[in-house]
$ cat model-v2.cif   # mmCIF, C-alpha atoms
data_data
#
loop_
_atom_site.group_PDB
_atom_site.id
_atom_site.type_symbol
_atom_site.label_atom_id
_atom_site.label_comp_id
_atom_site.auth_asym_id
_atom_site.auth_seq_id
_atom_site.Cartn_x
_atom_site.Cartn_y
_atom_site.Cartn_z
ATOM 1 C CA MET A 1 183.589 -54.010 1.557
ATOM 2 C CA ASP A 2 185.112 -50.807 0.901
ATOM 3 C CA GLY A 3 182.408 -49.985 -1.803
ATOM 4 C CA ALA A 4 179.645 -50.946 0.512
ATOM 5 C CA SER A 5 181.019 -48.994 3.335
ATOM 6 C CA GLY A 6 181.574 -46.017 1.077
ATOM 7 C CA GLY A 7 177.970 -46.078 -0.245
ATOM 8 C CA SER A 8 176.587 -46.432 3.194
ATOM 9 C CA GLY A 9 178.499 -43.432 4.502
ATOM 10 C CA SER A 10 177.478 -41.165 1.604
ATOM 11 C CA GLY A 11 173.791 -41.911 2.176
ATOM 12 C CA ALA A 12 174.072 -41.025 5.841
ATOM 13 C CA ASN A 13 175.436 -37.531 5.133
ATOM 14 C CA THR A 14 172.574 -36.725 2.792
ATOM 15 C CA GLY A 15 169.917 -37.665 5.413
ATOM 16 C CA SER A 16 171.616 -35.576 8.057
ATOM 17 C CA SER A 17 171.465 -32.471 5.857
ATOM 18 C CA GLU A 18 167.688 -32.800 5.399
ATOM 19 C CA GLU A 19 167.129 -33.212 9.068
ATOM 20 C CA GLN A 20 169.074 -30.038 9.803
ATOM 21 C CA LYS A 21 166.943 -28.111 7.311
ATOM 22 C CA GLN A 22 163.737 -29.343 8.941
ATOM 23 C CA ARG A 23 165.109 -28.553 12.407
ATOM 24 C CA GLY A 24 165.964 -25.004 11.275
ATOM 25 C CA VAL A 25 162.397 -24.499 10.015
ATOM 26 C CA TRP A 26 160.972 -25.649 13.332
ATOM 27 C CA ILE A 27 163.334 -23.355 15.189
ATOM 28 C CA LEU A 28 162.138 -20.397 13.077
ATOM 29 C CA VAL A 29 158.495 -21.367 13.687
ATOM 30 C CA ALA A 30 159.114 -21.695 17.401
ATOM 31 C CA ALA A 31 160.878 -18.323 17.477
ATOM 32 C CA ALA A 32 157.978 -16.715 15.613
ATOM 33 C CA LEU A 33 155.491 -18.233 18.018
ATOM 34 C CA ALA A 34 157.537 -17.087 21.005
ATOM 35 C CA PHE A 35 157.690 -13.553 19.565
ATOM 36 C CA ALA A 36 153.951 -13.536 18.978
ATOM 37 C CA VAL A 37 153.197 -14.829 22.471
ATOM 38 C CA LEU A 38 155.791 -13.063 24.597
ATOM 39 C CA VAL A 39 157.091 -9.928 22.862
ATOM 40 C CA LEU A 40 154.271 -8.656 20.693
ATOM 41 C CA PRO A 41 151.655 -8.288 23.561
ATOM 42 C CA GLN A 42 154.149 -6.236 25.586
ATOM 43 C CA VAL A 43 154.711 -3.874 22.654
ATOM 44 C CA VAL A 44 150.971 -3.502 22.065
ATOM 45 C CA GLU A 45 150.252 -3.032 25.798
ATOM 46 C CA ASP A 46 152.952 -0.383 26.134
ATOM 47 C CA ASP A 47 151.498 1.445 23.150
ATOM 48 C CA ASP A 48 148.001 1.318 24.704
ATOM 49 C CA LYS A 49 149.253 2.658 28.021
ATOM 50 C CA THR A 50 150.979 5.555 26.326
ATOM 51 C CA SER A 51 147.922 6.438 24.241
ATOM 52 C CA VAL A 52 145.554 6.523 27.285
ATOM 53 C CA VAL A 53 147.403 8.646 29.825
ATOM 54 C CA GLY A 54 150.100 10.280 27.712
ATOM 55 C CA GLY A 55 152.893 8.383 29.452
ATOM 56 C CA ALA A 56 153.816 4.926 30.652
ATOM 57 C CA LEU A 57 151.817 3.715 33.659
ATOM 58 C CA PRO A 58 153.677 2.064 36.554
ATOM 59 C CA SER A 59 154.345 -1.642 36.064
ATOM 60 C CA SER A 60 152.826 -2.489 39.452
ATOM 61 C CA GLY A 61 149.486 -4.129 40.024
ATOM 62 C CA SER A 62 147.735 -0.709 40.007
ATOM 63 C CA SER A 63 148.491 -0.263 36.309
ATOM 64 C CA ARG A 64 145.028 -1.448 35.325
ATOM 65 C CA LEU A 65 142.352 1.256 34.969
ATOM 66 C CA PRO A 66 139.253 0.859 37.242
ATOM 67 C CA ALA A 67 136.363 -0.879 35.602
ATOM 68 C CA LEU A 68 133.555 1.495 34.597
ATOM 69 C CA PRO A 69 129.886 0.709 35.374
ATOM 70 C CA SER A 70 128.357 -1.497 32.805
ATOM 71 C CA GLY A 71 125.300 0.723 32.342
ATOM 72 C CA ILE A 72 123.379 3.915 33.364
ATOM 73 C CA PRO A 73 121.701 3.776 36.788
ATOM 74 C CA SER A 74 118.006 3.028 36.544
ATOM 75 C CA GLY A 75 115.505 5.813 37.143
ATOM 76 C CA LEU A 76 117.470 8.610 35.474
ATOM 77 C CA PRO A 77 115.767 10.504 32.652
ATOM 78 C CA SER A 78 116.968 9.426 29.243
ATOM 79 C CA GLY A 79 116.469 12.819 27.598
ATOM 80 C CA LEU A 80 115.040 16.318 27.865
ATOM 81 C CA PRO A 81 111.275 16.776 28.189
ATOM 82 C CA SER A 82 109.549 17.222 24.886
ATOM 83 C CA GLY A 83 109.144 20.831 23.777
ATOM 84 C CA LEU A 84 112.014 22.137 25.968
ATOM 85 C CA ALA A 85 114.398 24.158 23.824
ATOM 86 C CA THR A 86 118.045 23.741 24.654
ATOM 87 C CA SER A 87 118.528 27.502 24.472
ATOM 88 C CA SER A 88 116.479 27.868 27.672
ATOM 89 C CA LEU A 89 118.920 25.814 29.689
ATOM 90 C CA PRO A 90 121.582 27.743 31.654
ATOM 91 C CA SER A 91 125.114 27.523 30.308
ATOM 92 C CA TYR A 92 127.876 26.656 32.733
ATOM 93 C CA GLY A 93 131.563 27.332 32.456
ATOM 94 C CA SER A 94 134.699 27.736 34.480
ATOM 95 C CA GLY A 95 134.627 31.529 34.566
ATOM 96 C CA GLY A 96 132.956 33.684 37.209
ATOM 97 C CA GLY A 97 129.505 35.134 36.674
ATOM 98 C CA SER A 98 128.594 38.777 36.258
ATOM 99 C CA GLY A 99 128.633 39.183 40.018
ATOM 100 C CA GLY A 100 132.413 38.677 40.113
ATOM 101 C CA GLY A 101 132.333 35.544 42.256
ATOM 102 C CA SER A 102 135.142 33.026 42.147
ATOM 103 C CA GLY A 103 132.914 30.021 41.488
ATOM 104 C CA GLY A 104 132.050 28.709 38.059
ATOM 105 C CA GLY A 105 128.673 28.719 36.403
ATOM 106 C CA GLY A 106 127.188 31.336 34.139
ATOM 107 C CA GLY A 107 123.648 30.926 35.499
ATOM 108 C CA SER A 108 122.354 33.675 37.797
ATOM 109 C CA VAL A 109 121.814 32.777 41.461
ATOM 110 C CA GLU A 110 119.082 34.585 43.401
ATOM 111 C CA THR A 111 120.098 35.527 46.922
ATOM 112 C CA GLN A 112 117.264 35.020 49.384
ATOM 113 C CA ARG A 113 116.686 37.742 51.959
ATOM 114 C CA PRO A 114 116.347 36.629 55.584
ATOM 115 C CA ALA A 115 112.771 36.203 56.661
ATOM 116 C CA THR A 116 111.275 39.138 58.591
ATOM 117 C CA PRO A 117 110.598 38.101 62.194
ATOM 118 C CA THR A 118 106.917 37.625 62.846
ATOM 119 C CA VAL A 119 105.556 39.961 65.516
ATOM 120 C CA ALA A 120 102.616 38.664 67.542
ATOM 121 C CA PRO A 121 99.457 40.800 67.356
ATOM 122 C CA ASP A 122 98.972 43.187 70.294
ATOM 123 C CA PRO A 123 95.382 44.534 70.388
ATOM 124 C CA THR A 124 96.059 46.532 73.568
ATOM 125 C CA ALA A 125 98.983 48.375 71.981
ATOM 126 C CA ASP A 126 96.843 49.040 68.908
ATOM 127 C CA ALA A 127 94.098 50.495 71.110
ATOM 128 C CA TYR A 128 96.575 52.813 72.852
ATOM 129 C CA ARG A 129 98.051 53.975 69.538
ATOM 130 C CA ALA A 130 94.568 54.800 68.272
ATOM 131 C CA VAL A 131 94.014 57.357 71.067
ATOM 132 C CA SER A 132 94.759 61.025 70.426
ATOM 133 C CA ALA A 133 94.712 64.119 72.615
ATOM 134 C CA GLY A 134 91.129 65.391 72.854
ATOM 135 C CA ASP A 135 89.555 61.920 72.870
ATOM 136 C CA CYS A 136 87.301 60.779 75.702
ATOM 137 C CA LEU A 137 87.417 57.371 77.360
ATOM 138 C CA ALA A 138 84.970 55.157 79.246
ATOM 139 C CA VAL A 139 87.604 54.584 81.924
ATOM 140 C CA TYR A 140 87.365 55.166 85.669
ATOM 141 C CA ASP A 141 88.937 54.185 88.980
ATOM 142 C CA THR A 142 86.961 51.332 90.545
ATOM 143 C CA GLY A 143 88.110 52.194 94.075
ATOM 144 C CA ASN A 144 90.039 48.932 94.324
ATOM 145 C CA GLY A 145 93.346 50.368 93.169
ATOM 146 C CA GLY A 146 92.900 50.121 89.407
ATOM 147 C CA TYR A 147 90.880 51.135 86.385
ATOM 148 C CA ASN A 148 87.796 49.297 85.183
ATOM 149 C CA THR A 149 89.679 48.289 82.028
ATOM 150 C CA GLN A 150 93.240 48.068 80.751
ATOM 151 C CA VAL A 151 92.106 48.942 77.225
ATOM 152 C CA PRO A 152 91.348 52.625 76.534
ATOM 153 C CA TYR A 153 87.823 52.362 75.186
ATOM 154 C CA ARG A 154 87.013 55.528 73.262
ATOM 155 C CA VAL A 155 83.562 57.144 73.356
ATOM 156 C CA GLY A 156 82.083 60.462 72.322
ATOM 157 C CA CYS A 157 82.876 63.205 74.824
ATOM 158 C CA SER A 158 79.144 63.894 75.316
ATOM 159 C CA ALA A 159 78.397 60.234 76.148
ATOM 160 C CA TYR A 160 77.187 59.402 79.641
ATOM 161 C CA ASN A 161 80.246 57.202 80.246
ATOM 162 C CA ALA A 162 82.852 59.666 78.964
ATOM 163 C CA TYR A 163 84.525 59.812 82.371
ATOM 164 C CA MET A 164 88.017 60.787 81.179
ATOM 165 C CA TRP A 165 89.344 63.342 78.725
ATOM 166 C CA VAL A 166 92.775 62.698 77.174
ATOM 167 C CA ASN A 167 94.773 65.925 77.499
ATOM 168 C CA ALA A 168 98.004 64.486 76.012
ATOM 169 C CA VAL A 169 99.705 61.331 74.752
ATOM 170 C CA ARG A 170 103.276 60.845 75.944
ATOM 171 C CA SER A 171 106.065 58.255 75.814
ATOM 172 C CA SER A 172 106.408 58.293 79.601
ATOM 173 C CA SER A 173 103.870 58.559 82.403
ATOM 174 C CA SER A 174 106.168 60.986 84.208
ATOM 175 C CA ALA A 175 105.448 63.513 81.434
ATOM 176 C CA CYS A 176 101.746 63.639 82.424
ATOM 177 C CA SER A 177 100.471 66.403 84.710
ATOM 178 C CA GLN A 178 99.539 65.292 88.205
ATOM 179 C CA GLY A 179 97.001 66.957 90.470
ATOM 180 C CA PRO A 180 93.422 66.747 91.737
ATOM 181 C CA GLY A 181 91.298 65.142 89.034
ATOM 182 C CA GLN A 182 94.321 64.277 86.869
ATOM 183 C CA ASN A 183 96.102 60.988 86.340
ATOM 184 C CA TYR A 184 97.316 58.680 83.567
ATOM 185 C CA MET A 185 97.090 55.174 82.189
ATOM 186 C CA SER A 186 99.989 53.590 80.313
ATOM 187 C CA TYR A 187 101.038 50.486 78.469
ATOM 188 C CA THR A 188 104.460 49.088 77.547
ATOM 189 C CA THR A 189 104.664 47.004 74.373
ATOM 190 C CA SER A 190 106.723 43.833 73.883
ATOM 191 C CA ARG A 191 109.386 45.978 72.207
ATOM 192 C CA GLY A 192 109.712 48.203 75.270
ATOM 193 C CA GLN A 193 107.773 51.186 73.909
ATOM 194 C CA THR A 194 105.646 53.003 76.497
ATOM 195 C CA ILE A 195 102.435 54.779 75.532
ATOM 196 C CA ALA A 196 101.064 57.030 78.284
ATOM 197 C CA LEU A 197 97.630 58.616 78.097
ATOM 198 C CA CYS A 198 97.387 61.725 80.309
ATOM 199 C CA LEU A 199 93.866 61.903 81.749
ATOM 200 C CA THR A 200 91.648 64.643 83.134
ATOM 201 C CA ARG A 201 88.456 63.631 84.913
ATOM 202 C CA GLN A 202 85.219 64.897 83.385
ATOM 203 C CA PHE A 203 82.952 65.778 86.306
ATOM 204 C CA LYS A 204 79.227 65.907 85.626
ATOM 205 C CA VAL A 205 76.441 67.116 87.890
ATOM 206 C CA GLY A 206 74.407 64.208 89.252
ATOM 207 C CA TYR A 207 77.241 61.662 89.158
ATOM 208 C CA CYS A 208 78.758 60.197 92.315
ATOM 209 C CA LEU A 209 82.284 59.373 93.464
ATOM 210 C CA MET A 210 83.881 57.707 96.498
ATOM 211 C CA ALA A 211 85.434 59.360 99.536
ATOM 212 C CA LYS A 212 87.025 58.538 102.875
ATOM 213 C CA GLN A 213 85.729 60.543 105.846
ATOM 214 C CA SER A 214 87.605 60.781 109.103
ATOM 215 C CA GLY A 215 86.229 62.543 112.195
ATOM 216 C CA SER A 216 82.835 64.189 112.462
ATOM 217 C CA GLY A 217 81.210 67.569 112.919
ATOM 218 C CA GLN A 218 83.417 70.626 112.584
ATOM 219 C CA SER A 219 86.575 68.448 112.801
ATOM 220 C CA ALA A 220 85.533 66.116 109.960
ATOM 221 C CA GLN A 221 87.904 65.658 107.032
ATOM 222 C CA MET A 222 87.056 64.219 103.626
ATOM 223 C CA ARG A 223 89.474 62.651 101.148
ATOM 224 C CA ALA A 224 87.809 62.150 97.780
ATOM 225 C CA GLY A 225 88.738 59.588 95.155
ATOM 226 C CA LEU A 226 88.357 62.124 92.367
ATOM 227 C CA MET A 227 89.004 59.579 89.589
ATOM 228 C CA THR A 228 86.438 57.101 90.965
ATOM 229 C CA VAL A 229 82.910 56.451 89.734
ATOM 230 C CA VAL A 230 80.197 54.688 91.715
ATOM 231 C CA GLU A 231 76.442 54.266 91.620
ATOM 232 C CA CYS A 232 75.030 56.838 93.984
ATOM 233 C CA ASP A 233 73.078 54.188 95.903
ATOM 234 C CA GLY A 234 75.781 51.539 95.497
ATOM 235 C CA LYS A 235 78.423 50.137 97.820
ATOM 236 C CA VAL A 236 82.006 51.240 98.245
ATOM 237 C CA PRO A 237 85.115 49.081 98.795
ATOM 238 C CA ALA A 238 86.809 48.951 102.204
ATOM 239 C CA ARG A 239 89.205 51.826 101.555
ATOM 240 C CA TYR A 240 86.256 54.263 101.285
ATOM 241 C CA ASN A 241 83.276 54.879 103.512
ATOM 242 C CA GLN A 242 81.312 57.670 101.818
ATOM 243 C CA ILE A 243 79.629 58.420 98.524
ATOM 244 C CA LEU A 244 79.684 62.033 97.372
ATOM 245 C CA HIS A 245 77.094 63.432 94.990
ATOM 246 C CA ILE A 246 78.293 66.073 92.502
ATOM 247 C CA THR A 247 76.132 69.169 92.857
ATOM 248 C CA GLY A 248 78.029 71.664 90.727
ATOM 249 C CA VAL A 249 80.986 72.101 88.365
ATOM 250 C CA TYR A 250 81.994 75.757 88.035
ATOM 251 C CA LYS A 251 84.721 77.952 86.719
ATOM 252 C CA ALA A 252 86.899 78.531 89.743
ATOM 253 C CA PRO A 253 86.577 82.073 91.155
ATOM 254 C CA ALA A 254 89.362 83.888 92.983
ATOM 255 C CA ASN A 255 89.912 82.336 96.414
ATOM 256 C CA PRO A 256 87.309 79.576 95.893
ATOM 257 C CA SER A 257 85.689 77.847 98.884
ATOM 258 C CA ALA A 258 82.688 75.678 99.739
ATOM 259 C CA SER A 259 80.637 78.870 100.200
ATOM 260 C CA ASN A 260 80.772 79.283 96.404
ATOM 261 C CA CYS A 261 78.836 75.994 96.076
ATOM 262 C CA ALA A 262 75.520 77.383 97.413
ATOM 263 C CA ARG A 263 72.797 76.772 94.846
ATOM 264 C CA VAL A 264 70.211 79.123 96.323
ATOM 265 C CA GLN A 265 70.287 82.090 98.661
ATOM 266 C CA GLY A 266 70.423 80.964 102.257
ATOM 267 C CA ASP A 267 71.433 77.415 101.215
ATOM 268 C CA ARG A 268 72.283 75.528 104.417
ATOM 269 C CA THR A 269 73.643 72.379 102.678
ATOM 270 C CA TYR A 270 77.028 71.183 103.935
ATOM 271 C CA TYR A 271 79.290 71.091 100.847
ATOM 272 C CA TRP A 272 82.633 69.551 100.202
ATOM 273 C CA SER A 273 84.603 71.233 97.415
ATOM 274 C CA TRP A 274 87.864 70.830 95.502
ATOM 275 C CA VAL A 275 89.668 72.935 92.949
ATOM 276 C CA VAL A 276 90.500 70.642 90.012
ATOM 277 C CA ASN A 277 91.646 70.744 86.400
ATOM 278 C CA GLY A 278 94.859 72.610 87.134
ATOM 279 C CA GLY A 279 93.081 75.214 89.313
ATOM 280 C CA ARG A 280 90.547 76.159 86.654
ATOM 281 C CA THR A 281 87.469 74.289 87.917
ATOM 282 C CA LEU A 282 85.568 74.276 91.234
ATOM 283 C CA LEU A 283 83.994 70.909 92.032
ATOM 284 C CA CYS A 284 81.121 71.001 94.552
ATOM 285 C CA THR A 285 79.784 67.851 96.275
ATOM 286 C CA MET A 286 77.667 66.743 99.202
ATOM 287 C CA VAL A 287 77.308 63.464 101.048
ATOM 288 C CA TYR A 288 74.736 61.426 99.199
ATOM 289 C CA GLN A 289 71.526 60.938 101.155
ATOM 290 C CA ARG A 290 70.021 57.510 100.679
#
$ encode --input "model-v2.cif" --output "structure tokens"
Amino acid sequence: MDGASGGSGSGANTGSSEEQKQRGVWILVAAALAFAVLVLPQVVEDDDKTSVVGGALPSSGSSRLPALPSGIPSGLPSGLPSGLATSSLPSYGSGGGSGGGSGGGGGSVETQRPATPTVAPDPTADAYRAVSAGDCLAVYDTGNGGYNTQVPYRVGCSAYNAYMWVNAVRSSSSACSQGPGQNYMSYTTSRGQTIALCLTRQFKVGYCLMAKQSGSGQSAQMRAGLMTVVECDGKVPARYNQILHITGVYKAPANPSASNCARVQGDRTYYWSWVVNGGRTLLCTMVYQR
């Protein structure tokens, strides 16, 4: 009994020792697997984080980098056009350009000048600017309170319609001489510039002008529109009631009067006369007989 019991106990100890060896191997395998699954990824991940940003990223959920697009957007050129040398492309950098600006970029930038405002054409102003002292104009007073034209139409001074002679060009109408047979016409441009043409009437024998007669006989008075022109057998506007026919244009003598207008000895014509052109000219007229 004792032998049997002894043999049986010795066999049991030997089996237990083998089991412990196998259990130790499985523990080592399990530990290796646990290290590979739990510890090694953390070490590798920490190394990756350090290599990307130069320091450990926070352990929060924002530690993952944003996903980049999976490809290039469609429609973008894939390369430079053929034949374009890279040396022709501008180089860009962080330093300022030659102009001393604070921005980057070595390429030159052309500064655009502001557009010049467009000025609308002004033919009337151009016509006034074209007139010089000494020119003659086909301009006259219509008898209705204005000239026959607002544009100074130039003609030769010997032309039949050279009614006005320009004695000066001024920047203000107040600078023009005023008197019998003298007046002005002016124009102000869109920029506020005034061009004044100082006019002297050119009287010619045979031409007619308008007048306003008041009274009759020896008490009659005649007010002539010396800048007016009218057909000798025409009609006059309401402000006038007579047409005067120019019979003579003379150099004014000393103490001129209508008696200096006689064309022949013993002339019994009733004349109306005016001293014009700054006192230098005697204008002789008579009422036109239809």
$ atom_distance --input "model-v2.cif" --atom1 "CA of Asn183 (chain A)" --atom2 "CA of Asp135 (chain A)"
15.0 Å
$ resolve_selection --input "model-v2.cif" --expression "the PyMOL selection byres ((chain A and resi 204) around 10)" --output "count of residues only"
16
$ residues_near_point --input "model-v2.cif" --point "(80.9, 72.8, 101.6)" --cutoff "8 Å" --atoms "all atoms listed in the file" --output "MDAnalysis selection string"
chainID A and resid 257:259 261 269:273 284:286
$ write_last_selection --input "model-v2.cif" --atoms "C-alpha atoms" --output "PDB file, keeping the file's coordinate frame"
ATOM      1  CA  SER A 257      85.689  77.847  98.884  1.00  0.00           C
ATOM      2  CA  ALA A 258      82.688  75.678  99.739  1.00  0.00           C
ATOM      3  CA  SER A 259      80.637  78.870 100.200  1.00  0.00           C
ATOM      4  CA  CYS A 261      78.836  75.994  96.076  1.00  0.00           C
ATOM      5  CA  THR A 269      73.643  72.379 102.678  1.00  0.00           C
ATOM      6  CA  TYR A 270      77.028  71.183 103.935  1.00  0.00           C
ATOM      7  CA  TYR A 271      79.290  71.091 100.847  1.00  0.00           C
ATOM      8  CA  TRP A 272      82.633  69.551 100.202  1.00  0.00           C
ATOM      9  CA  SER A 273      84.603  71.233  97.415  1.00  0.00           C
ATOM     10  CA  CYS A 284      81.121  71.001  94.552  1.00  0.00           C
ATOM     11  CA  THR A 285      79.784  67.851  96.275  1.00  0.00           C
ATOM     12  CA  MET A 286      77.667  66.743  99.202  1.00  0.00           C
TER      13      MET A 286
END
$ atom_distance --input "model-v2.cif" --atom1 "CA of Ser171 (chain A)" --atom2 "CA of Ser158 (chain A)"
27.5 Å
$ atom_distance --input "model-v2.cif" --atom1 "CA of Cys176 (chain A)" --atom2 "CA of Asn241 (chain A)"
29.4 Å
$ resolve_selection --input "model-v2.cif" --expression "the PyMOL selection byres ((chain A and resi 223-230) around 10)" --output "ChimeraX atom specification"
/A:139-148,161,163-164,180-183,199-203,207-214,221-222,231-236,240,242-245,272-274,276,283,285
$ resolve_selection --input "model-v2.cif" --expression "the PyMOL selection byres ((chain A and resi 123) around 12)" --output "JSON list (two decimals) with C-alpha atoms, keeping the file's coordinate frame"
[["chain", "number", "residue", "atom", "x", "y", "z"],
["A", 120, "ALA", "CA", 102.62, 38.66, 67.54],
["A", 121, "PRO", "CA", 99.46, 40.80, 67.36],
["A", 122, "ASP", "CA", 98.97, 43.19, 70.29],
["A", 124, "THR", "CA", 96.06, 46.53, 73.57],
["A", 125, "ALA", "CA", 98.98, 48.38, 71.98],
["A", 126, "ASP", "CA", 96.84, 49.04, 68.91],
["A", 127, "ALA", "CA", 94.10, 50.50, 71.11],
["A", 128, "TYR", "CA", 96.58, 52.81, 72.85],
["A", 129, "ARG", "CA", 98.05, 53.98, 69.54],
["A", 130, "ALA", "CA", 94.57, 54.80, 68.27],
["A", 150, "GLN", "CA", 93.24, 48.07, 80.75],
["A", 151, "VAL", "CA", 92.11, 48.94, 77.22],
["A", 152, "PRO", "CA", 91.35, 52.62, 76.53],
["A", 153, "TYR", "CA", 87.82, 52.36, 75.19],
["A", 187, "TYR", "CA", 101.04, 50.49, 78.47],
["A", 189, "THR", "CA", 104.66, 47.00, 74.37],
["A", 190, "SER", "CA", 106.72, 43.83, 73.88]]
